[in-house]
$ cat my_file_11.csv   # CSV, C-alpha atoms
chain,number,residue,atom,x,y,z
A,1154,MET,CA,-40.3,-4.8,-66.7
A,1155,ALA,CA,-37.5,-7.2,-65.8
A,1156,GLY,CA,-36.1,-5.1,-63.0
A,1157,ALA,CA,-37.2,-2.0,-61.0
A,1158,ALA,CA,-35.7,1.5,-61.2
A,1159,SER,CA,-33.6,2.4,-58.1
A,1160,ALA,CA,-34.2,6.1,-58.4
A,1161,LEU,CA,-35.7,8.8,-60.6
A,1162,PHE,CA,-33.9,12.2,-61.2
A,1163,LEU,CA,-35.0,15.4,-62.9
A,1164,LEU,CA,-31.9,17.5,-63.7
A,1165,ASP,CA,-31.5,21.0,-65.0
A,1166,ILE,CA,-29.4,21.7,-68.1
A,1167,LYS,CA,-26.2,22.0,-66.0
A,1168,GLY,CA,-26.8,18.6,-64.3
A,1169,ARG,CA,-28.0,19.9,-61.0
A,1170,VAL,CA,-30.7,17.8,-59.3
A,1171,LEU,CA,-34.1,19.5,-59.3
A,1172,VAL,CA,-36.2,16.5,-58.2
A,1173,TRP,CA,-35.0,13.1,-56.8
A,1174,ARG,CA,-37.1,10.2,-55.8
A,1175,ASP,CA,-35.2,7.3,-54.2
A,1176,TYR,CA,-37.1,4.0,-54.5
A,1177,ARG,CA,-34.7,1.3,-53.4
A,1178,GLY,CA,-31.8,2.9,-51.4
A,1179,ASP,CA,-29.0,1.5,-53.6
A,1180,VAL,CA,-28.4,4.7,-55.8
A,1181,SER,CA,-27.4,8.0,-54.3
A,1182,ALA,CA,-27.4,11.6,-55.5
A,1183,VAL,CA,-23.7,11.2,-56.3
A,1184,GLN,CA,-24.7,8.8,-59.1
A,1185,ALA,CA,-26.6,11.7,-60.8
A,1186,GLU,CA,-23.3,13.6,-60.9
A,1187,ARG,CA,-21.5,10.6,-62.4
A,1188,PHE,CA,-24.3,10.2,-65.0
A,1189,PHE,CA,-23.9,13.9,-66.1
A,1190,THR,CA,-20.1,13.5,-66.3
A,1191,LYS,CA,-20.6,10.4,-68.6
A,1192,LEU,CA,-23.2,12.4,-70.6
A,1193,ILE,CA,-20.8,15.2,-71.3
A,1194,GLU,CA,-18.2,12.6,-72.4
A,1195,LYS,CA,-20.8,11.0,-74.8
A,1196,GLU,CA,-21.7,14.4,-76.3
A,1197,GLY,CA,-18.1,14.6,-77.6
A,1198,ASP,CA,-18.7,11.3,-79.5
A,1199,PRO,CA,-21.0,11.7,-82.5
A,1200,GLN,CA,-21.2,7.9,-82.8
A,1201,SER,CA,-22.9,7.5,-79.4
A,1202,GLN,CA,-26.5,8.8,-79.5
A,1203,ASP,CA,-28.2,6.0,-77.5
A,1204,PRO,CA,-30.3,7.0,-74.4
A,1205,VAL,CA,-28.6,4.5,-72.1
A,1206,VAL,CA,-25.4,5.1,-70.1
A,1207,TYR,CA,-23.7,2.3,-68.1
A,1208,ASP,CA,-21.2,3.1,-65.3
A,1209,ASN,CA,-19.9,1.1,-62.4
A,1210,GLY,CA,-22.9,-1.3,-62.1
A,1211,VAL,CA,-25.6,1.4,-62.6
A,1212,SER,CA,-27.6,1.7,-65.8
A,1213,TYR,CA,-28.9,5.2,-66.6
A,1214,MET,CA,-31.9,5.7,-69.0
A,1215,TYR,CA,-32.6,9.3,-69.9
A,1216,ILE,CA,-34.4,11.7,-72.2
A,1217,GLN,CA,-34.1,15.4,-72.6
A,1218,HIS,CA,-37.1,17.7,-72.8
A,1219,SER,CA,-36.7,21.5,-73.1
A,1220,ASN,CA,-34.1,22.4,-70.4
A,1221,VAL,CA,-34.7,19.3,-68.2
A,1222,TYR,CA,-33.2,15.8,-68.2
A,1223,LEU,CA,-35.4,13.0,-67.0
A,1224,MET,CA,-33.3,10.0,-65.9
A,1225,THR,CA,-33.9,6.7,-64.1
A,1226,ALA,CA,-31.1,4.8,-62.5
A,1227,SER,CA,-31.1,1.0,-61.8
A,1228,ARG,CA,-28.7,-1.6,-60.5
A,1229,GLN,CA,-31.0,-4.4,-61.7
A,1230,ASN,CA,-31.3,-5.9,-65.1
A,1231,CYS,CA,-34.2,-3.7,-66.2
A,1232,ASN,CA,-36.2,-3.3,-69.4
A,1233,ALA,CA,-34.7,-0.1,-70.8
A,1234,ALA,CA,-37.4,0.4,-73.4
A,1235,SER,CA,-40.1,0.2,-70.8
A,1236,LEU,CA,-38.4,2.8,-68.6
A,1237,LEU,CA,-37.7,5.1,-71.5
A,1238,SER,CA,-41.4,4.8,-72.5
A,1239,PHE,CA,-42.3,5.6,-68.9
A,1240,LEU,CA,-40.1,8.8,-69.0
A,1241,HIS,CA,-41.9,10.0,-72.1
A,1242,ARG,CA,-45.2,9.4,-70.3
A,1243,VAL,CA,-44.0,11.5,-67.4
A,1244,VAL,CA,-43.4,14.3,-69.8
A,1245,ASP,CA,-46.9,13.9,-71.2
A,1246,VAL,CA,-48.5,14.0,-67.7
A,1247,PHE,CA,-46.4,17.0,-66.6
A,1248,LYS,CA,-47.4,18.9,-69.7
A,1249,HIS,CA,-51.0,18.0,-69.0
A,1250,TYR,CA,-50.7,19.6,-65.6
A,1251,PHE,CA,-48.3,22.5,-66.1
A,1252,GLU,CA,-48.8,23.2,-69.8
A,1253,GLU,CA,-45.1,23.2,-70.4
A,1254,LEU,CA,-42.4,21.0,-68.8
A,1255,GLU,CA,-39.3,23.1,-68.0
A,1256,GLU,CA,-37.1,23.9,-65.0
A,1257,GLU,CA,-39.3,26.9,-63.9
A,1258,SER,CA,-42.6,24.9,-63.9
A,1259,LEU,CA,-40.9,22.1,-61.8
A,1260,ARG,CA,-39.6,24.7,-59.3
A,1261,ASP,CA,-43.1,26.3,-59.1
A,1262,ASN,CA,-44.9,23.0,-58.5
A,1263,PHE,CA,-42.6,20.8,-56.3
A,1264,VAL,CA,-45.4,19.4,-54.2
A,1265,VAL,CA,-47.5,18.4,-57.2
A,1266,VAL,CA,-44.5,17.0,-59.0
A,1267,TYR,CA,-43.7,14.6,-56.1
A,1268,GLU,CA,-47.3,13.6,-55.8
A,1269,LEU,CA,-47.6,12.8,-59.5
A,1270,LEU,CA,-44.3,10.8,-59.4
A,1271,ASP,CA,-45.6,8.8,-56.4
A,1272,GLU,CA,-48.8,8.1,-58.4
A,1273,MET,CA,-46.9,7.0,-61.5
A,1274,MET,CA,-44.2,4.8,-59.9
A,1275,ASP,CA,-44.5,2.4,-56.9
A,1276,PHE,CA,-41.3,1.4,-55.2
A,1277,GLY,CA,-39.5,1.7,-58.6
A,1278,TRP,CA,-42.1,-0.3,-60.5
A,1279,LYS,CA,-44.2,1.3,-63.1
A,1280,PRO,CA,-47.9,0.5,-62.3
A,1281,HIS,CA,-50.0,-0.9,-65.1
A,1282,ARG,CA,-52.3,2.1,-65.0
A,1283,GLY,CA,-49.5,4.3,-66.2
A,1284,LEU,CA,-51.3,7.6,-65.5
A,1285,PRO,CA,-52.0,9.1,-62.1
A,1286,MET,CA,-55.5,8.7,-60.7
A,1287,ALA,CA,-56.1,12.5,-61.1
A,1288,VAL,CA,-56.0,11.8,-64.9
A,1289,THR,CA,-57.7,8.4,-64.9
A,1290,ASN,CA,-60.3,9.0,-62.2
A,1291,ALA,CA,-59.2,5.8,-60.4
A,1292,VAL,CA,-59.8,6.6,-56.7
A,1293,SER,CA,-58.8,4.6,-53.7
A,1294,TRP,CA,-61.0,6.5,-51.2
A,1295,ARG,CA,-64.4,5.7,-52.9
A,1296,SER,CA,-65.8,2.3,-54.0
A,1297,GLU,CA,-67.9,1.7,-57.0
A,1298,GLY,CA,-71.6,1.0,-56.9
A,1299,ILE,CA,-72.7,3.5,-54.1
A,1300,ASN,CA,-76.4,4.2,-54.4
A,1301,TYR,CA,-78.7,6.6,-52.5
A,1302,LYS,CA,-82.4,7.3,-53.1
A,1303,LYS,CA,-81.9,10.9,-52.2
A,1304,ASN,CA,-78.6,12.5,-53.3
A,1305,GLU,CA,-77.4,15.2,-50.8
A,1306,VAL,CA,-74.2,17.1,-49.8
A,1307,PHE,CA,-73.8,18.9,-46.5
A,1308,LEU,CA,-71.0,21.4,-46.2
A,1309,ASP,CA,-70.2,23.1,-42.9
A,1310,VAL,CA,-67.7,25.9,-42.9
A,1311,VAL,CA,-66.4,25.9,-39.3
A,1312,GLU,CA,-64.0,28.6,-38.0
A,1313,SER,CA,-62.4,28.5,-34.5
A,1314,VAL,CA,-61.2,31.7,-33.1
A,1315,ASN,CA,-58.1,31.6,-30.9
A,1316,ILE,CA,-57.5,34.7,-28.8
A,1317,LEU,CA,-55.2,35.6,-25.9
A,1318,VAL,CA,-55.7,39.0,-24.2
A,1319,ASN,CA,-53.2,40.2,-21.6
A,1320,SER,CA,-53.9,42.0,-18.3
A,1321,ASN,CA,-53.7,45.4,-20.0
A,1322,GLY,CA,-56.6,44.4,-22.3
A,1323,GLN,CA,-54.3,44.0,-25.4
A,1324,VAL,CA,-54.8,41.2,-27.8
A,1325,ILE,CA,-51.4,39.5,-27.9
A,1326,ARG,CA,-52.3,36.5,-30.0
A,1327,SER,CA,-55.1,35.9,-32.4
A,1328,ASP,CA,-55.8,33.7,-35.4
A,1329,VAL,CA,-58.6,31.8,-37.1
A,1330,VAL,CA,-58.4,28.1,-37.9
A,1331,GLY,CA,-61.0,27.0,-40.5
A,1332,ALA,CA,-62.3,23.7,-41.8
A,1333,LEU,CA,-64.6,22.8,-44.6
A,1334,LYS,CA,-66.4,19.7,-43.2
A,1335,MET,CA,-68.4,17.6,-45.7
A,1336,ARG,CA,-70.9,14.8,-45.4
A,1337,THR,CA,-71.7,13.4,-48.8
A,1338,TYR,CA,-74.6,11.0,-49.7
A,1339,LEU,CA,-74.1,10.7,-53.4
A,1340,SER,CA,-74.6,7.8,-55.8
A,1341,GLY,CA,-72.0,6.7,-58.4
A,1342,MET,CA,-68.8,8.5,-59.0
A,1343,PRO,CA,-69.7,12.2,-58.7
A,1344,GLU,CA,-67.4,15.0,-59.7
A,1345,CYS,CA,-67.7,18.0,-57.3
A,1346,LYS,CA,-66.5,21.6,-57.9
A,1347,LEU,CA,-66.3,24.1,-55.2
A,1348,GLY,CA,-65.8,27.9,-55.6
A,1349,LEU,CA,-64.8,30.2,-52.8
A,1350,ASN,CA,-64.4,34.0,-52.7
A,1351,ASP,CA,-60.6,33.5,-52.9
A,1352,ARG,CA,-58.8,36.7,-53.8
A,1353,VAL,CA,-56.2,35.0,-56.0
A,1354,LEU,CA,-58.9,33.3,-58.1
A,1355,LEU,CA,-61.1,36.3,-58.5
A,1356,GLU,CA,-58.3,38.6,-59.5
A,1357,ALA,CA,-56.9,36.0,-61.9
A,1358,GLN,CA,-60.4,35.8,-63.5
A,1359,GLY,CA,-60.5,39.7,-63.7
A,1360,ARG,CA,-63.7,39.6,-61.7
A,1361,ALA,CA,-64.7,42.5,-59.5
A,1362,THR,CA,-64.4,41.3,-55.9
A,1363,LYS,CA,-67.9,42.2,-54.6
A,1364,GLY,CA,-67.9,42.2,-50.8
A,1365,LYS,CA,-64.9,40.6,-49.2
A,1366,ALA,CA,-62.3,38.5,-51.0
A,1367,ILE,CA,-60.1,36.5,-48.6
A,1368,ASP,CA,-56.5,35.5,-48.5
A,1369,LEU,CA,-56.2,31.9,-47.1
A,1370,GLU,CA,-53.0,30.6,-45.6
A,1371,ASP,CA,-51.7,27.1,-44.7
A,1372,ILE,CA,-54.3,25.5,-46.9
A,1373,LYS,CA,-54.4,21.7,-46.5
A,1374,PHE,CA,-56.6,19.5,-48.7
A,1375,HIS,CA,-58.1,16.0,-48.4
A,1376,GLN,CA,-56.3,13.6,-50.7
A,1377,CYS,CA,-59.4,13.6,-53.0
A,1378,VAL,CA,-58.7,17.2,-54.2
A,1379,ARG,CA,-56.8,17.6,-57.5
A,1380,LEU,CA,-53.9,19.6,-56.2
A,1381,ALA,CA,-52.5,20.4,-59.7
A,1382,LYS,CA,-55.9,21.8,-60.8
A,1383,PHE,CA,-55.9,24.0,-57.7
A,1384,GLU,CA,-52.3,25.2,-58.3
A,1385,ASN,CA,-53.2,26.1,-61.9
A,1386,ASP,CA,-56.5,27.9,-61.6
A,1387,ARG,CA,-57.6,27.7,-57.9
A,1388,THR,CA,-60.5,25.4,-58.7
A,1389,ILE,CA,-61.3,22.9,-55.9
A,1390,SER,CA,-62.4,19.8,-57.9
A,1391,PHE,CA,-62.7,16.3,-56.4
A,1392,ILE,CA,-64.4,13.0,-56.3
A,1393,PRO,CA,-65.5,12.8,-52.7
A,1394,PRO,CA,-65.3,9.9,-50.3
A,1395,ASP,CA,-68.7,8.6,-49.1
A,1396,GLY,CA,-69.9,10.0,-45.8
A,1397,ALA,CA,-68.0,12.5,-43.5
A,1398,PHE,CA,-64.6,14.0,-44.1
A,1399,ASP,CA,-62.7,17.3,-43.9
A,1400,LEU,CA,-62.3,18.6,-47.5
A,1401,MET,CA,-60.0,21.4,-46.5
A,1402,THR,CA,-58.4,23.3,-43.6
A,1403,TYR,CA,-56.9,26.7,-43.5
A,1404,ARG,CA,-55.7,29.5,-41.2
A,1405,LEU,CA,-55.8,33.3,-41.1
A,1406,SER,CA,-53.3,35.1,-38.9
A,1407,THR,CA,-55.0,38.5,-39.2
A,1408,GLN,CA,-55.7,40.5,-36.0
A,1409,VAL,CA,-59.1,39.4,-34.8
A,1410,LYS,CA,-61.3,41.7,-32.7
A,1411,PRO,CA,-62.6,39.7,-29.7
A,1412,LEU,CA,-66.2,38.7,-30.6
A,1413,ILE,CA,-67.2,38.5,-26.9
A,1414,TRP,CA,-65.4,41.0,-24.6
A,1415,VAL,CA,-65.4,40.4,-20.9
A,1416,GLU,CA,-64.4,43.0,-18.2
A,1417,ALA,CA,-64.1,42.0,-14.6
A,1418,GLN,CA,-63.5,44.0,-11.4
A,1419,VAL,CA,-62.8,42.4,-8.1
A,1420,GLU,CA,-63.1,44.4,-4.8
A,1421,MET,CA,-62.2,43.3,-1.3
A,1422,HIS,CA,-64.9,44.8,1.0
A,1423,SER,CA,-63.4,43.4,4.2
A,1424,ARG,CA,-61.0,40.7,5.1
A,1425,SER,CA,-63.7,38.2,4.7
A,1426,ARG,CA,-65.9,39.4,1.8
A,1427,VAL,CA,-65.1,39.9,-1.9
A,1428,GLU,CA,-67.3,41.2,-4.7
A,1429,MET,CA,-66.9,40.6,-8.4
A,1430,MET,CA,-68.5,42.7,-11.1
A,1431,VAL,CA,-68.4,41.4,-14.6
A,1432,LYS,CA,-69.5,42.9,-18.0
A,1433,ALA,CA,-69.8,40.8,-21.1
A,1434,ARG,CA,-70.2,42.6,-24.4
A,1435,SER,CA,-70.8,41.1,-27.9
A,1436,GLN,CA,-68.7,42.9,-30.5
A,1437,PHE,CA,-70.3,41.6,-33.7
A,1438,LYS,CA,-73.2,42.9,-35.8
A,1439,GLU,CA,-76.8,42.9,-34.4
A,1440,ARG,CA,-78.0,40.5,-37.2
A,1441,SER,CA,-75.9,37.7,-35.7
A,1442,THR,CA,-76.5,35.9,-32.4
A,1443,ALA,CA,-74.1,33.8,-30.3
A,1444,THR,CA,-75.5,30.7,-28.8
A,1445,ASN,CA,-74.5,28.4,-25.9
A,1446,VAL,CA,-72.2,31.1,-24.4
A,1447,GLU,CA,-70.2,30.0,-21.4
A,1448,ILE,CA,-67.9,32.4,-19.5
A,1449,GLU,CA,-65.7,30.8,-16.9
A,1450,LEU,CA,-64.6,33.3,-14.3
A,1451,PRO,CA,-61.8,32.3,-11.8
A,1452,VAL,CA,-62.4,32.9,-8.1
A,1453,ALA,CA,-60.3,32.5,-5.0
A,1454,ILE,CA,-59.5,28.9,-4.1
A,1455,ASP,CA,-61.0,29.3,-0.6
A,1456,ALA,CA,-64.2,31.3,-1.6
A,1457,SER,CA,-67.5,30.1,-0.3
A,1458,ASN,CA,-71.2,31.1,0.2
A,1459,PRO,CA,-71.7,32.7,-3.3
A,1460,ASN,CA,-74.4,35.2,-3.9
A,1461,ILE,CA,-74.8,35.7,-7.7
A,1462,ARG,CA,-77.1,37.9,-9.8
A,1463,THR,CA,-77.1,38.2,-13.6
A,1464,SER,CA,-79.0,40.5,-16.0
A,1465,MET,CA,-79.1,37.6,-18.5
A,1466,GLY,CA,-78.6,33.8,-18.3
A,1467,SER,CA,-77.7,31.8,-15.2
A,1468,ALA,CA,-74.5,31.5,-13.2
A,1469,SER,CA,-73.3,28.8,-10.8
A,1470,TYR,CA,-70.3,28.3,-8.6
A,1471,ALA,CA,-68.1,25.3,-9.6
A,1472,PRO,CA,-65.8,24.9,-6.5
A,1473,GLU,CA,-64.0,21.9,-8.2
A,1474,ASN,CA,-62.7,24.3,-10.8
A,1475,ASP,CA,-62.4,27.4,-8.5
A,1476,ALA,CA,-64.6,29.2,-10.9
A,1477,LEU,CA,-68.0,30.8,-11.6
A,1478,LEU,CA,-69.7,29.5,-14.7
A,1479,TRP,CA,-72.0,32.0,-16.5
A,1480,LYS,CA,-74.2,30.5,-19.2
A,1481,ILE,CA,-76.1,32.6,-21.7
A,1482,LYS,CA,-78.2,30.6,-24.2
A,1483,SER,CA,-78.7,33.4,-26.7
A,1484,PHE,CA,-76.4,36.5,-26.9
A,1485,PRO,CA,-77.3,38.9,-29.8
A,1486,GLY,CA,-74.8,41.2,-31.4
A,1487,GLY,CA,-74.3,44.7,-29.9
A,1488,LYS,CA,-75.6,43.7,-26.4
A,1489,GLU,CA,-74.0,44.0,-22.9
A,1490,TYR,CA,-74.9,41.9,-19.9
A,1491,MET,CA,-73.9,42.1,-16.2
A,1492,LEU,CA,-73.0,39.7,-13.5
A,1493,ARG,CA,-72.5,40.5,-9.8
A,1494,ALA,CA,-71.2,38.0,-7.3
A,1495,GLU,CA,-70.2,38.1,-3.6
A,1496,PHE,CA,-68.2,35.5,-1.8
A,1497,SER,CA,-67.1,34.9,1.7
A,1498,LEU,CA,-63.4,34.3,2.4
A,1499,PRO,CA,-61.6,32.9,5.5
A,1500,SER,CA,-60.7,35.9,7.7
A,1501,ILE,CA,-56.9,36.2,7.4
A,1502,THR,CA,-54.4,38.9,7.9
A,1503,ALA,CA,-52.4,40.4,5.1
A,1504,GLU,CA,-49.2,38.8,6.5
A,1505,GLU,CA,-50.7,35.4,6.1
A,1506,ALA,CA,-52.0,36.0,2.6
A,1507,THR,CA,-50.3,34.0,-0.2
A,1508,PRO,CA,-50.2,35.4,-3.8
A,1509,GLU,CA,-53.3,34.3,-5.7
A,1510,ARG,CA,-52.8,32.2,-8.8
A,1511,LYS,CA,-54.2,34.1,-11.7
A,1512,ALA,CA,-56.2,31.9,-14.0
A,1513,PRO,CA,-57.6,33.4,-17.2
A,1514,ILE,CA,-61.2,34.1,-18.0
A,1515,ARG,CA,-62.2,31.5,-20.6
A,1516,VAL,CA,-65.1,31.9,-23.1
A,1517,LYS,CA,-67.0,29.4,-25.2
A,1518,PHE,CA,-69.6,30.3,-27.8
A,1519,GLU,CA,-71.0,29.4,-31.2
A,1520,ILE,CA,-72.2,32.0,-33.8
A,1521,PRO,CA,-74.2,30.3,-36.6
A,1522,TYR,CA,-74.4,31.9,-40.1
A,1523,PHE,CA,-71.2,33.9,-39.4
A,1524,THR,CA,-67.5,33.6,-40.2
A,1525,VAL,CA,-64.7,35.9,-39.0
A,1526,SER,CA,-62.8,35.5,-42.3
A,1527,GLY,CA,-65.7,36.3,-44.5
A,1528,ILE,CA,-65.2,33.1,-46.5
A,1529,GLN,CA,-68.1,32.4,-48.8
A,1530,VAL,CA,-69.0,29.3,-50.8
A,1531,ARG,CA,-69.7,30.8,-54.2
A,1532,TYR,CA,-70.9,27.6,-55.7
A,1533,LEU,CA,-70.9,23.8,-55.1
A,1534,LYS,CA,-71.6,21.8,-58.3
A,1535,ILE,CA,-72.2,18.1,-58.4
A,1536,ILE,CA,-71.9,16.3,-61.7
A,1537,GLU,CA,-72.5,12.6,-62.2
A,1538,LYS,CA,-72.8,10.7,-65.5
A,1539,SER,CA,-76.2,9.4,-64.7
A,1540,GLY,CA,-77.4,13.0,-64.6
A,1541,TYR,CA,-79.2,13.0,-61.2
A,1542,HIS,CA,-80.0,16.2,-59.4
A,1543,ALA,CA,-78.2,16.6,-56.0
A,1544,LEU,CA,-79.0,19.0,-53.2
A,1545,PRO,CA,-76.1,20.9,-51.7
A,1546,TRP,CA,-76.6,22.4,-48.2
A,1547,VAL,CA,-74.1,24.9,-46.9
A,1548,ARG,CA,-73.9,26.2,-43.3
A,1549,TYR,CA,-71.4,28.6,-41.6
A,1550,ILE,CA,-70.5,28.6,-37.9
A,1551,THR,CA,-67.9,30.4,-35.8
A,1552,MET,CA,-66.9,29.0,-32.5
A,1553,ALA,CA,-64.4,29.8,-29.7
A,1554,GLY,CA,-61.1,27.9,-29.8
A,1555,GLU,CA,-58.5,28.8,-27.2
A,1556,TYR,CA,-60.2,32.0,-26.1
A,1557,GLU,CA,-58.6,33.4,-23.0
A,1558,LEU,CA,-58.6,36.8,-21.3
A,1559,ARG,CA,-56.1,37.3,-18.5
A,1560,LEU,CA,-57.8,40.2,-16.9
A,1561,ILE,CA,-58.3,39.3,-13.3
$ encode --input "my_file_11.csv" --output "structure tokens"
Amino acid sequence: MAGAASALFLLDIKGRVLVWRDYRGDVSAVQAERFFTKLIEKEGDPQSQDPVVYDNGVSYMYIQHSNVYLMTASRQNCNAASLLSFLHRVVDVFKHYFEELEEESLRDNFVVVYELLDEMMDFGWKPHRGLPMAVTNAVSWRSEGINYKKNEVFLDVVESVNILVNSNGQVIRSDVVGALKMRTYLSGMPECKLGLNDRVLLEAQGRATKGKAIDLEDIKFHQCVRLAKFENDRTISFIPPDGAFDLMTYRLSTQVKPLIWVEAQVEMHSRSRVEMMVKARSQFKERSTATNVEIELPVAIDASNPNIRTSMGSASYAPENDALLWKIKSFPGGKEYMLRAEFSLPSITAEEATPERKAPIRVKFEIPYFTVSGIQVRYLKIIEKSGYHALPWVRYITMAGEYELRLI
């Protein structure tokens, strides 16, 4: 093409801008209004049926499809036939993705529309490939010629639980942030398809939702995922990068029951001795076990000479953090463990006492083979034209994120 398009507009039947992509900064949205005014003038002239409008240094090339006008504007000496051909190709691609191109399908798929336009036109120039990579399978994140003796995929479903409990024992903030972390060691250009127990998908398919169907929020995908395919039928299909990447992240803002509950009582026995009694209780099913549990318990800044006893695990005083650190390697569901600690304090009178800063109890843990959301990978299919058999491995793990109990 001799010159580049300055901007691309999609307008409704009344000339209102639905989608606008500015490529060169020399045409504004005002020009779209001028174009539509000229178009109305042209409609009154039966002799003028050409798809090009020229006004005040700007050339407009347009086509109409259903109740949508597709229009490019340029201040350069451009190849009108090439741009008109490009607009017809845009229609074909949108119909491929949305079945029908009309105002409603554009409004329902704004994100996908902009992504497709960015694939089809670079800085106002029409790339030679013409179609987006989601149609042609050209991918920038994976090189050709990758080869492995053993083809494997590892998928880790990792959920982080964020909880804040106030001094009354009420959960005042809770959410779950999840990630599907993949490591792929696959030859060639494999096509992967992933199915989840997603409520929207299962209901759309008319399937009975055995067990728990989940409602995911704030879903974000790696660029390899075909977004339009997901928008249409909730299928997660992609050609993966080689090695490690995050396929998808999500959030659930449902009220989460604290998986490990901690109660603490602090008693002053005299002016110079304080006793702490702590209960830790696992509030998940017995078939699951938390590992590498760490409970950080704040103690007075000037505490010393600790005497600590635990019913499970080990505890140590960390004076640099003004805390007791209680470690339990394995904490099965439905169990309760105890810790007792005595500390010496400098002997001071009540008048000299300063208000104690109240740090929260912080908890860390991991629970393998368990998710709070109930997310399940229903299938992970790997298809490659050479026909090799690939082994998919799926693991689930829940861990503590920002997990704080302000109880002391």
$ closest_residue --input "my_file_11.csv" --among "A:Asp1208, A:Glu1268, A:Asp1371, A:Glu1256" --to "Asn1220 in chain A" --atoms "all atoms listed in the file"
A:Glu1256
$ atom_distance --input "my_file_11.csv" --atom1 "CA of Cys1377 in chain A" --atom2 "CA of Arg1404 in chain A"
20.1 Å
$ closest_residue --input "my_file_11.csv" --among "A:Met1342, A:Met1335, A:Ala1543, A:Met1224" --to "Gly1298 in chain A" --atoms "only C-alpha atoms"
A:Met1342
$ atom_distance --input "my_file_11.csv" --atom1 "CA of Arg1336 in chain A" --atom2 "CA of Phe1307 in chain A"
5.1 Å
$ atom_distance --input "my_file_11.csv" --atom1 "CA of Asp1368 in chain A" --atom2 "CA of Leu1349 in chain A"
10.7 Å
$ residues_around --input "my_file_11.csv" --residues "Val1419 in chain A" --least-positions-apart "5" --cutoff "9 Å" --atoms "all atoms listed in the file" --output "count of residues only"
6
